[in-house]
file structure-v5.cif (mmCIF, C-alpha atoms)
data_upload
#
loop_
_atom_site.label_atom_id
_atom_site.label_comp_id
_atom_site.auth_asym_id
_atom_site.auth_seq_id
_atom_site.Cartn_x
_atom_site.Cartn_y
_atom_site.Cartn_z
CA MET A 1 26.80 47.61 -52.11
CA ILE A 2 30.03 45.61 -52.37
CA ILE A 3 31.88 48.23 -50.31
CA LEU A 4 29.24 48.11 -47.59
CA LEU A 5 29.33 44.32 -47.46
CA SER A 6 33.12 44.22 -47.47
CA ALA A 7 33.37 46.74 -44.65
CA ALA A 8 31.89 44.24 -42.23
CA LEU A 9 34.54 41.68 -43.11
CA TRP A 10 37.63 43.90 -43.32
CA LEU A 11 38.90 45.62 -40.18
CA PRO A 12 39.54 49.31 -40.92
CA VAL A 13 42.98 50.51 -39.96
CA PRO A 14 43.31 54.31 -39.45
CA VAL A 15 45.87 55.94 -41.73
CA SER A 16 45.03 59.61 -41.16
CA ALA A 17 42.75 61.78 -39.07
CA GLN A 18 41.31 65.27 -39.13
CA ASP A 19 39.80 67.41 -36.40
CA THR A 20 37.66 70.33 -37.59
CA GLY A 21 36.30 71.28 -34.18
CA ASP A 22 32.66 70.22 -34.39
CA MET A 23 33.43 67.07 -36.36
CA GLN A 24 36.17 64.48 -36.33
CA TRP A 25 36.83 61.95 -39.08
CA SER A 26 39.49 59.49 -40.09
CA ARG A 27 40.51 57.81 -43.33
CA THR A 28 40.97 54.06 -43.13
CA VAL A 29 42.21 51.15 -45.21
CA MET A 30 40.29 47.86 -45.25
CA ASP A 31 43.16 45.38 -44.93
CA GLY A 32 41.40 42.13 -43.97
CA SER A 33 43.19 41.88 -40.61
CA ARG A 34 40.00 41.09 -38.71
CA THR A 35 38.85 38.12 -40.74
CA GLY A 36 41.65 37.31 -43.19
CA VAL A 37 39.25 37.86 -46.09
CA THR A 38 40.80 38.38 -49.53
CA VAL A 39 39.26 39.04 -52.93
CA PRO A 40 37.98 35.70 -54.26
CA ALA A 41 38.42 34.22 -57.71
CA ALA A 42 35.85 31.84 -59.16
CA THR A 43 37.56 28.75 -57.75
CA ASP A 44 38.67 29.77 -54.23
CA VAL A 45 35.58 31.27 -52.62
CA GLU A 46 35.79 29.39 -49.31
CA LYS A 47 39.54 29.95 -48.99
CA ALA A 48 39.13 33.68 -49.65
CA LEU A 49 35.87 34.39 -47.83
CA GLY A 50 35.43 31.58 -45.34
CA ALA A 51 32.17 29.73 -44.74
CA VAL A 52 28.84 30.19 -42.96
CA LYS A 53 27.21 27.24 -41.23
CA GLY A 54 23.88 27.93 -39.63
CA ASN A 55 24.27 31.33 -38.03
CA THR A 56 28.02 31.00 -37.48
CA TYR A 57 30.70 32.48 -39.73
CA TYR A 58 34.08 30.75 -39.92
CA ALA A 59 36.55 33.34 -41.22
CA PRO A 60 39.74 32.51 -43.19
CA SER A 61 41.76 33.90 -40.27
CA GLY A 62 40.39 31.16 -38.03
CA LYS A 63 38.13 33.48 -36.06
CA VAL A 64 34.54 32.40 -35.46
CA PHE A 65 31.62 34.82 -35.39
CA LYS A 66 28.34 33.51 -34.01
CA GLY A 67 25.35 35.44 -35.31
CA GLY A 68 25.31 39.20 -35.63
CA THR A 69 26.09 41.48 -38.54
CA VAL A 70 29.38 39.87 -39.56
CA ALA A 71 27.81 36.45 -40.07
CA ARG A 72 24.85 37.89 -42.00
CA VAL A 73 27.06 39.99 -44.27
CA ALA A 74 29.43 37.08 -44.86
CA GLU A 75 26.50 34.89 -45.87
CA ALA A 76 25.25 37.53 -48.33
CA VAL A 77 28.70 37.96 -49.89
CA ILE A 78 29.29 34.21 -50.19
CA GLU A 79 25.84 33.57 -51.69
CA ALA A 80 26.52 36.20 -54.37
CA GLN A 81 29.66 34.48 -55.61
CA PRO A 82 28.09 31.96 -58.07
CA ALA A 83 26.49 34.85 -59.99
CA MET A 84 29.87 36.61 -60.05
CA ALA A 85 31.84 33.56 -61.21
CA PRO A 86 31.98 34.58 -64.92
CA VAL A 87 33.74 37.87 -64.14
CA LYS A 88 36.06 36.17 -61.62
CA LYS A 89 37.49 33.90 -64.32
CA VAL A 90 41.28 34.18 -64.56
CA ILE A 91 42.26 35.08 -68.13
CA GLY A 92 45.88 36.18 -67.83
CA TYR A 93 48.89 36.80 -65.63
CA SER A 94 50.74 40.04 -64.87
CA PRO A 95 54.25 39.57 -63.38
CA GLU A 96 54.14 43.08 -61.92
CA ALA A 97 51.49 45.56 -60.88
CA MET A 98 51.14 48.39 -63.40
CA ALA A 99 49.70 51.85 -62.81
CA SER A 100 48.57 54.49 -65.27
CA GLU A 101 50.72 57.60 -64.77
CA TYR A 102 51.42 60.79 -66.72
CA PRO A 103 53.01 61.36 -69.19
CA GLU A 104 53.54 57.66 -69.87
CA SER A 105 53.66 54.45 -67.86
CA PRO A 106 53.82 50.69 -68.31
CA LEU A 107 50.03 50.38 -68.15
CA SER A 108 49.16 53.27 -70.46
CA ASN A 109 51.80 52.10 -72.96
CA TRP A 110 50.47 48.53 -72.78
CA PHE A 111 47.02 49.89 -73.57
CA ALA A 112 48.24 52.12 -76.41
CA ASP A 113 50.23 49.35 -78.08
CA ASN A 114 47.38 46.87 -77.84
CA LEU A 115 44.89 49.44 -79.08
CA MET A 116 46.97 49.53 -82.25
CA ARG A 117 46.98 45.75 -82.42
CA ALA A 118 43.26 45.37 -81.77
CA THR A 119 42.30 48.02 -84.33
CA GLU A 120 44.57 46.55 -86.99
CA ASP A 121 43.17 43.07 -86.37
CA ALA A 122 39.57 44.29 -86.44
CA CYS A 123 39.68 46.35 -89.64
CA GLY A 124 42.55 44.78 -91.56
CA ARG A 125 44.24 48.14 -92.09
CA HIS A 126 47.81 49.04 -91.17
CA VAL A 127 48.04 51.14 -88.01
CA ASP A 128 50.99 53.46 -87.41
CA MET A 129 50.03 55.05 -84.11
CA SER A 130 47.34 55.20 -81.45
CA ILE A 131 45.72 57.93 -79.40
CA ALA A 132 43.70 57.14 -76.27
CA ASN A 133 43.05 58.96 -72.99
CA PHE A 134 44.34 58.48 -69.48
CA GLY A 135 40.83 58.97 -68.09
CA GLY A 136 39.70 55.82 -69.88
CA ILE A 137 41.97 53.64 -67.71
CA ARG A 138 40.07 53.47 -64.43
CA VAL A 139 42.07 51.02 -62.27
CA ASP A 140 45.60 49.62 -62.12
CA MET A 141 46.70 46.24 -63.42
CA PRO A 142 47.19 43.89 -60.45
CA GLN A 143 50.20 41.69 -59.94
CA GLY A 144 49.48 38.01 -60.41
CA ASP A 145 46.33 36.46 -61.84
CA VAL A 146 44.20 38.85 -63.88
CA THR A 147 40.46 38.25 -64.09
CA VAL A 148 37.72 39.33 -66.44
CA ASP A 149 36.59 41.70 -63.70
CA ASP A 150 40.02 43.38 -63.61
CA ILE A 151 39.82 44.24 -67.31
CA ARG A 152 36.15 45.23 -67.07
CA SER A 153 36.97 47.57 -64.18
CA MET A 154 39.95 48.95 -66.08
CA PHE A 155 37.92 49.79 -69.19
CA PRO A 156 34.29 50.24 -68.09
CA PHE A 157 33.20 52.71 -70.75
CA LYS A 158 31.42 51.67 -73.94
CA ASN A 159 33.90 53.35 -76.28
CA ASP A 160 34.37 51.59 -79.60
CA LEU A 161 37.57 51.22 -81.60
CA VAL A 162 38.00 53.63 -84.51
CA TYR A 163 40.45 53.66 -87.42
CA LEU A 164 41.46 57.05 -88.83
CA SER A 165 43.49 58.06 -91.84
CA MET A 166 45.28 61.28 -90.93
CA THR A 167 47.95 63.37 -92.60
CA GLY A 168 51.16 64.02 -90.76
CA LYS A 169 50.24 67.70 -90.71
CA GLU A 170 47.00 66.99 -88.80
CA ILE A 171 48.77 64.63 -86.42
CA ARG A 172 51.34 67.34 -85.76
CA HIS A 173 48.52 69.75 -84.88
CA VAL A 174 47.17 67.20 -82.37
CA LEU A 175 50.59 66.65 -80.80
CA GLU A 176 51.24 70.40 -80.62
CA TRP A 177 47.94 70.84 -78.81
CA MET A 178 48.89 68.06 -76.38
CA ALA A 179 52.30 69.62 -75.77
CA GLU A 180 50.49 72.72 -74.57
CA GLU A 181 47.44 71.19 -72.85
CA GLY A 182 48.72 67.80 -71.70
CA PHE A 183 49.62 64.56 -73.45
CA GLN A 184 47.27 61.64 -73.64
CA VAL A 185 48.00 57.94 -74.14
CA LEU A 186 50.13 57.45 -77.26
CA GLY A 187 51.41 54.45 -79.17
CA GLY A 188 53.73 54.15 -82.16
CA VAL A 189 55.20 57.63 -81.63
CA ARG A 190 58.04 59.33 -79.81
CA VAL A 191 57.64 62.98 -78.89
CA VAL A 192 59.72 65.55 -77.07
CA ALA A 193 58.18 68.74 -75.67
CA GLU A 194 59.47 71.70 -73.69
CA ASP A 195 57.62 74.68 -72.21
CA GLY A 196 54.39 73.74 -73.94
CA GLU A 197 55.99 73.36 -77.37
CA LEU A 198 56.49 70.23 -79.45
CA LEU A 199 60.20 69.90 -80.23
CA SER A 200 60.14 66.67 -82.20
CA ALA A 201 57.86 63.82 -83.24
CA GLU A 202 58.61 60.44 -84.77
CA ILE A 203 56.33 57.69 -86.03
CA GLY A 204 57.77 54.26 -86.63
CA GLY A 205 61.25 55.55 -85.81
CA ARG A 206 61.18 58.21 -88.54
CA PRO A 207 60.46 61.95 -88.32
CA LEU A 208 56.78 62.80 -88.71
CA ASP A 209 56.13 63.63 -92.38
CA ASP A 210 53.50 66.35 -92.79
CA ASN A 211 52.69 65.12 -96.31
CA ALA A 212 52.33 61.42 -95.48
CA VAL A 213 49.07 59.71 -94.53
CA TYR A 214 49.12 57.55 -91.42
CA GLY A 215 46.79 54.96 -89.93
CA VAL A 216 45.66 55.97 -86.44
CA ALA A 217 43.90 53.78 -83.88
CA THR A 218 41.70 55.61 -81.41
CA ILE A 219 38.38 55.39 -79.58
CA SER A 220 34.98 56.90 -80.30
CA PHE A 221 35.10 59.16 -77.23
CA LEU A 222 37.92 61.22 -78.74
CA LEU A 223 36.32 61.91 -82.12
CA HIS A 224 34.13 64.89 -81.25
CA GLY A 225 35.45 66.67 -78.18
CA GLY A 226 36.19 64.03 -75.56
CA ASP A 227 39.03 65.33 -73.35
CA GLY A 228 39.30 68.29 -75.73
CA LEU A 229 40.16 66.20 -78.78
CA TYR A 230 38.30 66.41 -82.11
CA LEU A 231 40.17 63.74 -84.02
CA ALA A 232 37.43 63.17 -86.59
CA ASP A 233 37.61 66.79 -87.72
CA GLY A 234 41.15 66.40 -89.03
CA ALA A 235 40.81 62.89 -90.45
CA GLU A 236 40.88 61.96 -94.13
CA GLU A 237 38.82 58.85 -93.33
CA VAL A 238 36.93 57.58 -90.28
CA VAL A 239 36.16 53.86 -89.93
CA ASP A 240 33.94 52.98 -86.97
CA ILE A 241 34.57 49.49 -85.60
CA PRO A 242 31.75 47.88 -83.59
CA VAL A 243 34.11 46.51 -80.92
CA ASP A 244 34.40 48.22 -77.55
CA ILE A 245 37.67 48.63 -75.67
CA TYR A 246 36.82 46.10 -72.95
CA THR A 247 36.00 43.37 -75.47
CA ALA A 248 39.16 44.10 -77.44
CA MET A 249 41.43 44.02 -74.38
CA VAL A 250 39.88 40.84 -72.97
CA ARG A 251 40.48 39.14 -76.31
CA ILE A 252 44.12 40.26 -76.43
CA VAL A 253 44.80 39.16 -72.84
CA GLY A 254 43.23 35.78 -73.63
CA GLU A 255 45.19 35.35 -76.85
CA ASP A 256 48.46 36.19 -75.16
CA ALA A 257 47.73 33.84 -72.26
CA ALA A 258 46.99 31.03 -74.71
CA ALA A 259 50.37 31.70 -76.33
CA GLY A 260 52.09 31.66 -72.92
CA LYS A 261 52.70 35.41 -72.88
CA PRO A 262 52.25 37.42 -69.68
CA ILE A 263 50.75 40.91 -69.49
CA THR A 264 53.70 43.28 -69.60
CA GLY A 265 54.28 46.94 -70.40
CA VAL A 266 57.21 49.32 -70.18
CA ALA A 267 57.76 53.05 -69.92
CA ASP A 268 60.05 53.44 -72.91
CA GLY A 269 60.51 57.20 -73.22
CA ARG A 270 57.95 57.69 -75.95
CA VAL A 271 56.81 60.93 -74.28
CA THR A 272 59.60 63.17 -73.01
CA ILE A 273 58.81 66.49 -71.37
CA ILE A 274 61.81 68.70 -70.64
CA ASP A 275 61.24 70.92 -67.62
CA ASP A 276 62.42 74.51 -67.24
CA LYS A 277 65.64 73.29 -65.61
CA GLY A 278 66.60 71.15 -68.55
CA GLY A 279 65.59 67.87 -66.91
CA GLU A 280 63.03 65.27 -67.88
#

call {"tool": "encode", "arguments": {"input": "structure-v5.cif", "output": "structure tokens"}}
result
Amino acid sequence: MIILLSAALWLPVPVSAQDTGDMQWSRTVMDGSRTGVTVPAATDVEKALGAVKGNTYYAPSGKVFKGGTVARVAEAVIEAQPAMAPVKKVIGYSPEAMASEYPESPLSNWFADNLMRATEDACGRHVDMSIANFGGIRVDMPQGDVTVDDIRSMFPFKNDLVYLSMTGKEIRHVLEWMAEEGFQVLGGVRVVAEDGELLSAEIGGRPLDDNAVYGVATISFLLHGGDGLYLADGAEEVVDIPVDIYTAMVRIVGEDAAAGKPITGVADGRVTIIDDKGGE
């Protein structure tokens, strides 16, 4: 519904085209060039969307549309904004846009590190590492103000936090499987893999100890087969925490904002994959 409404306010600009003989189609980007419309926050609706008076729409670009589809769609979008105000609330600030990319990235690392923090805070147990999944991060972190809606869109699934006690031997099995099948989001560890084999693994800056027991933060989706992982099967202890990812991340963003801390993440080399030419 939102896409359909927005399409009337954003002018599509062709970026590619295909001709299959009987049918032609093009792919377009809605860039706001027709009306100057931008995504509104809770406090700048008229600046972002313009205003409708009677049957006339006054766009942010200065253009005026009397009657017709554009004015009707604009009115519908503007009237919906009060109901959307809670999710448009600004809760943090990101100095740079961050994307989720394999095998690690600023956004996925930010998530992994804060999954450790949230789980430790929620259950009062020490956490050494975290395991999440790239598929659970659905959109990028925008540059600038970050709203409730940004975090809700980023983590839309109702996956709860989980604390696991796992031996180093079981963690090694998980990392060896990832080295072969593909790494997921990791925190607290540094791994090196080559040709599908795990070459080294460290937790907390020290080599993984097969005989030690570690605290692992994860999510409920990965306990029994999600993305091929069965983390509960190899755990010494499983502690379900009735806090979902979205709620946990919103709280962390809010706490950091209150402390004057921006939303930042770095790709720090925690996952290194050596290719067949000896590069990374």

call {"tool": "resolve_selection", "arguments": {"input": "structure-v5.cif", "expression": "the PyMOL selection byres ((chain A and resi 213) around 6)", "output": "number ranges by chain"}}
result
A: 166-167, 212, 214

call {"tool": "write_last_selection", "arguments": {"input": "structure-v5.cif", "atoms": "C-alpha atoms", "output": "PDB file, keeping the file's coordinate frame"}}
result
ATOM      1  CA  MET A 166      45.280  61.280 -90.930  1.00  0.00           C
ATOM      2  CA  THR A 167      47.950  63.370 -92.600  1.00  0.00           C
ATOM      3  CA  ALA A 212      52.330  61.420 -95.480  1.00  0.00           C
ATOM      4  CA  TYR A 214      49.120  57.550 -91.420  1.00  0.00           C
TER       5      TYR A 214
END

call {"tool": "resolve_selection", "arguments": {"input": "structure-v5.cif", "expression": "the PyMOL selection byres ((chain A and resi 177) around 12)", "output": "MDAnalysis selection string"}}
result
chainID A and resid 170:176 178:184 193 196:198 227:231

call {"tool": "residues_near_point", "arguments": {"input": "structure-v5.cif", "point": "(38.6, 34.5, -44.7)", "cutoff": "7 Å", "atoms": "only C-alpha atoms", "output": "CSV table (one decimal) with C-alpha atoms, keeping the file's coordinate frame"}}
result
chain,number,residue,atom,x,y,z
A,35,THR,CA,38.8,38.1,-40.7
A,36,GLY,CA,41.6,37.3,-43.2
A,37,VAL,CA,39.2,37.9,-46.1
A,38,THR,CA,40.8,38.4,-49.5
A,47,LYS,CA,39.5,30.0,-49.0
A,48,ALA,CA,39.1,33.7,-49.6
A,49,LEU,CA,35.9,34.4,-47.8
A,50,GLY,CA,35.4,31.6,-45.3
A,59,ALA,CA,36.6,33.3,-41.2
A,60,PRO,CA,39.7,32.5,-43.2
A,61,SER,CA,41.8,33.9,-40.3

call {"tool": "atom_distance", "arguments": {"input": "structure-v5.cif", "atom1": "atom CA of Val266 of chain A", "atom2": "atom CA of Leu223 of chain A"}}
result
27.2 Å

call {"tool": "residues_around", "arguments": {"input": "structure-v5.cif", "residues": "Val185 of chain A", "least_positions_apart": "3", "cutoff": "6 Å", "atoms": "only C-alpha atoms", "output": "list in words"}}
result
Ile131, Ala132, Asn133 and Phe134 of chain A

call {"tool": "resolve_selection", "arguments": {"input": "structure-v5.cif", "expression": "the PyMOL selection byres ((chain A and resi 116-122) around 12)", "output": "ChimeraX atom specification"}}
result
/A:109-115,123-132,160-164,185-189,215-219,239-253,255

call {"tool": "atom_distance", "arguments": {"input": "structure-v5.cif", "atom1": "atom CA of Pro106 of chain A", "atom2": "atom CA of Asp195 of chain A"}}
result
24.6 Å

call {"tool": "atom_distance", "arguments": {"input": "structure-v5.cif", "atom1": "atom CA of Ile78 of chain A", "atom2": "atom CA of Pro40 of chain A"}}
result
9.7 Å

call {"tool": "residues_around", "arguments": {"input": "structure-v5.cif", "residues": "segment 89-101 of chain A", "least_positions_apart": "6", "cutoff": "7 Å", "atoms": "only C-alpha atoms", "output": "list in words"}}
result
Ala41, Ala42, Leu107, Ser108, Asp140, Met141, Pro142, Gln143, Gly144, Asp145, Val146, Thr147, Val148, Val253, Gly254, Ala257, Pro262, Ile263 and Thr264 of chain A

call {"tool": "build_atoms", "arguments": {"input": "structure-v5.cif", "residues": "segment 201-212 of chain A", "atoms": "all heavy atoms", "output": "mmCIF file, in the frame of the given file"}}
result
data_model
loop_
_atom_site.group_PDB
_atom_site.id
_atom_site.type_symbol
_atom_site.label_atom_id
_atom_site.label_comp_id
_atom_site.auth_asym_id
_atom_site.auth_seq_id
_atom_site.Cartn_x
_atom_site.Cartn_y
_atom_site.Cartn_z
ATOM 1 N N ALA A 201 58.830 64.924 -83.205
ATOM 2 C CA ALA A 201 57.860 63.820 -83.240
ATOM 3 C C ALA A 201 58.299 62.795 -84.264
ATOM 4 O O ALA A 201 58.694 63.157 -85.386
ATOM 5 C CB ALA A 201 56.470 64.340 -83.570
ATOM 6 N N GLU A 202 58.269 61.541 -83.876
ATOM 7 C CA GLU A 202 58.610 60.440 -84.770
ATOM 8 C C GLU A 202 57.484 59.422 -84.774
ATOM 9 O O GLU A 202 56.840 59.183 -83.739
ATOM 10 C CB GLU A 202 59.902 59.743 -84.324
ATOM 11 C CG GLU A 202 61.143 60.603 -84.356
ATOM 12 C CD GLU A 202 62.371 59.849 -83.881
ATOM 13 O OE1 GLU A 202 62.216 58.680 -83.416
ATOM 14 O OE2 GLU A 202 63.471 60.398 -83.965
ATOM 15 N N ILE A 203 57.250 58.812 -85.916
ATOM 16 C CA ILE A 203 56.330 57.690 -86.030
ATOM 17 C C ILE A 203 57.073 56.554 -86.707
ATOM 18 O O ILE A 203 57.666 56.747 -87.776
ATOM 19 C CB ILE A 203 55.077 58.062 -86.843
ATOM 20 C CG1 ILE A 203 54.228 59.086 -86.082
ATOM 21 C CG2 ILE A 203 54.237 56.805 -87.150
ATOM 22 C CD1 ILE A 203 52.929 59.447 -86.780
ATOM 23 N N GLY A 204 57.056 55.405 -86.069
ATOM 24 C CA GLY A 204 57.770 54.260 -86.630
ATOM 25 C C GLY A 204 59.256 54.480 -86.715
ATOM 26 O O GLY A 204 59.923 53.910 -87.592
ATOM 27 N N GLY A 205 59.813 55.317 -85.821
ATOM 28 C CA GLY A 205 61.250 55.550 -85.810
ATOM 29 C C GLY A 205 61.728 56.571 -86.816
ATOM 30 O O GLY A 205 62.934 56.814 -86.929
ATOM 31 N N ARG A 206 60.808 57.204 -87.548
ATOM 32 C CA ARG A 206 61.180 58.210 -88.540
ATOM 33 C C ARG A 206 60.485 59.525 -88.231
ATOM 34 O O ARG A 206 59.367 59.525 -87.694
ATOM 35 C CB ARG A 206 60.817 57.724 -89.947
ATOM 36 C CG ARG A 206 61.442 56.385 -90.300
ATOM 37 C CD ARG A 206 61.053 55.931 -91.699
ATOM 38 N NE ARG A 206 61.591 56.832 -92.710
ATOM 39 C CZ ARG A 206 61.417 56.649 -94.025
ATOM 40 N NH1 ARG A 206 60.692 55.610 -94.451
ATOM 41 N NH2 ARG A 206 61.940 57.499 -94.886
ATOM 42 N N PRO A 207 61.098 60.659 -88.583
ATOM 43 C CA PRO A 207 60.460 61.950 -88.320
ATOM 44 C C PRO A 207 59.069 62.028 -88.942
ATOM 45 O O PRO A 207 58.847 61.530 -90.054
ATOM 46 C CB PRO A 207 61.416 62.957 -88.954
ATOM 47 C CG PRO A 207 62.745 62.273 -88.942
ATOM 48 C CD PRO A 207 62.447 60.820 -89.175
ATOM 49 N N LEU A 208 58.139 62.618 -88.217
ATOM 50 C CA LEU A 208 56.780 62.800 -88.710
ATOM 51 C C LEU A 208 56.813 63.583 -90.016
ATOM 52 O O LEU A 208 57.395 64.667 -90.090
ATOM 53 C CB LEU A 208 55.954 63.532 -87.656
ATOM 54 C CG LEU A 208 54.497 63.842 -87.994
ATOM 55 C CD1 LEU A 208 53.698 62.568 -88.174
ATOM 56 C CD2 LEU A 208 53.875 64.704 -86.887
ATOM 57 N N ASP A 209 56.179 63.031 -91.041
ATOM 58 C CA ASP A 209 56.130 63.630 -92.380
ATOM 59 C C ASP A 209 54.779 64.310 -92.555
ATOM 60 O O ASP A 209 53.747 63.643 -92.606
ATOM 61 C CB ASP A 209 56.342 62.554 -93.438
ATOM 62 C CG ASP A 209 56.374 63.107 -94.862
ATOM 63 O OD1 ASP A 209 56.035 64.291 -95.060
ATOM 64 O OD2 ASP A 209 56.723 62.335 -95.771
ATOM 65 N N ASP A 210 54.768 65.618 -92.659
ATOM 66 C CA ASP A 210 53.500 66.350 -92.790
ATOM 67 C C ASP A 210 52.707 65.923 -94.012
ATOM 68 O O ASP A 210 51.473 66.022 -94.027
ATOM 69 C CB ASP A 210 53.767 67.856 -92.859
ATOM 70 C CG ASP A 210 54.150 68.439 -91.511
ATOM 71 O OD1 ASP A 210 54.121 67.694 -90.511
ATOM 72 O OD2 ASP A 210 54.480 69.637 -91.451
ATOM 73 N N ASN A 211 53.373 65.455 -95.059
ATOM 74 C CA ASN A 211 52.690 65.120 -96.310
ATOM 75 C C ASN A 211 52.264 63.661 -96.398
ATOM 76 O O ASN A 211 51.546 63.283 -97.330
ATOM 77 C CB ASN A 211 53.595 65.455 -97.505
ATOM 78 C CG ASN A 211 53.897 66.934 -97.592
ATOM 79 O OD1 ASN A 211 53.006 67.769 -97.468
ATOM 80 N ND2 ASN A 211 55.178 67.267 -97.784
ATOM 81 N N ALA A 212 52.700 62.844 -95.460
ATOM 82 C CA ALA A 212 52.330 61.420 -95.480
ATOM 83 C C ALA A 212 50.958 61.224 -94.845
ATOM 84 O O ALA A 212 50.460 62.078 -94.111
ATOM 85 C CB ALA A 212 53.379 60.600 -94.733
#
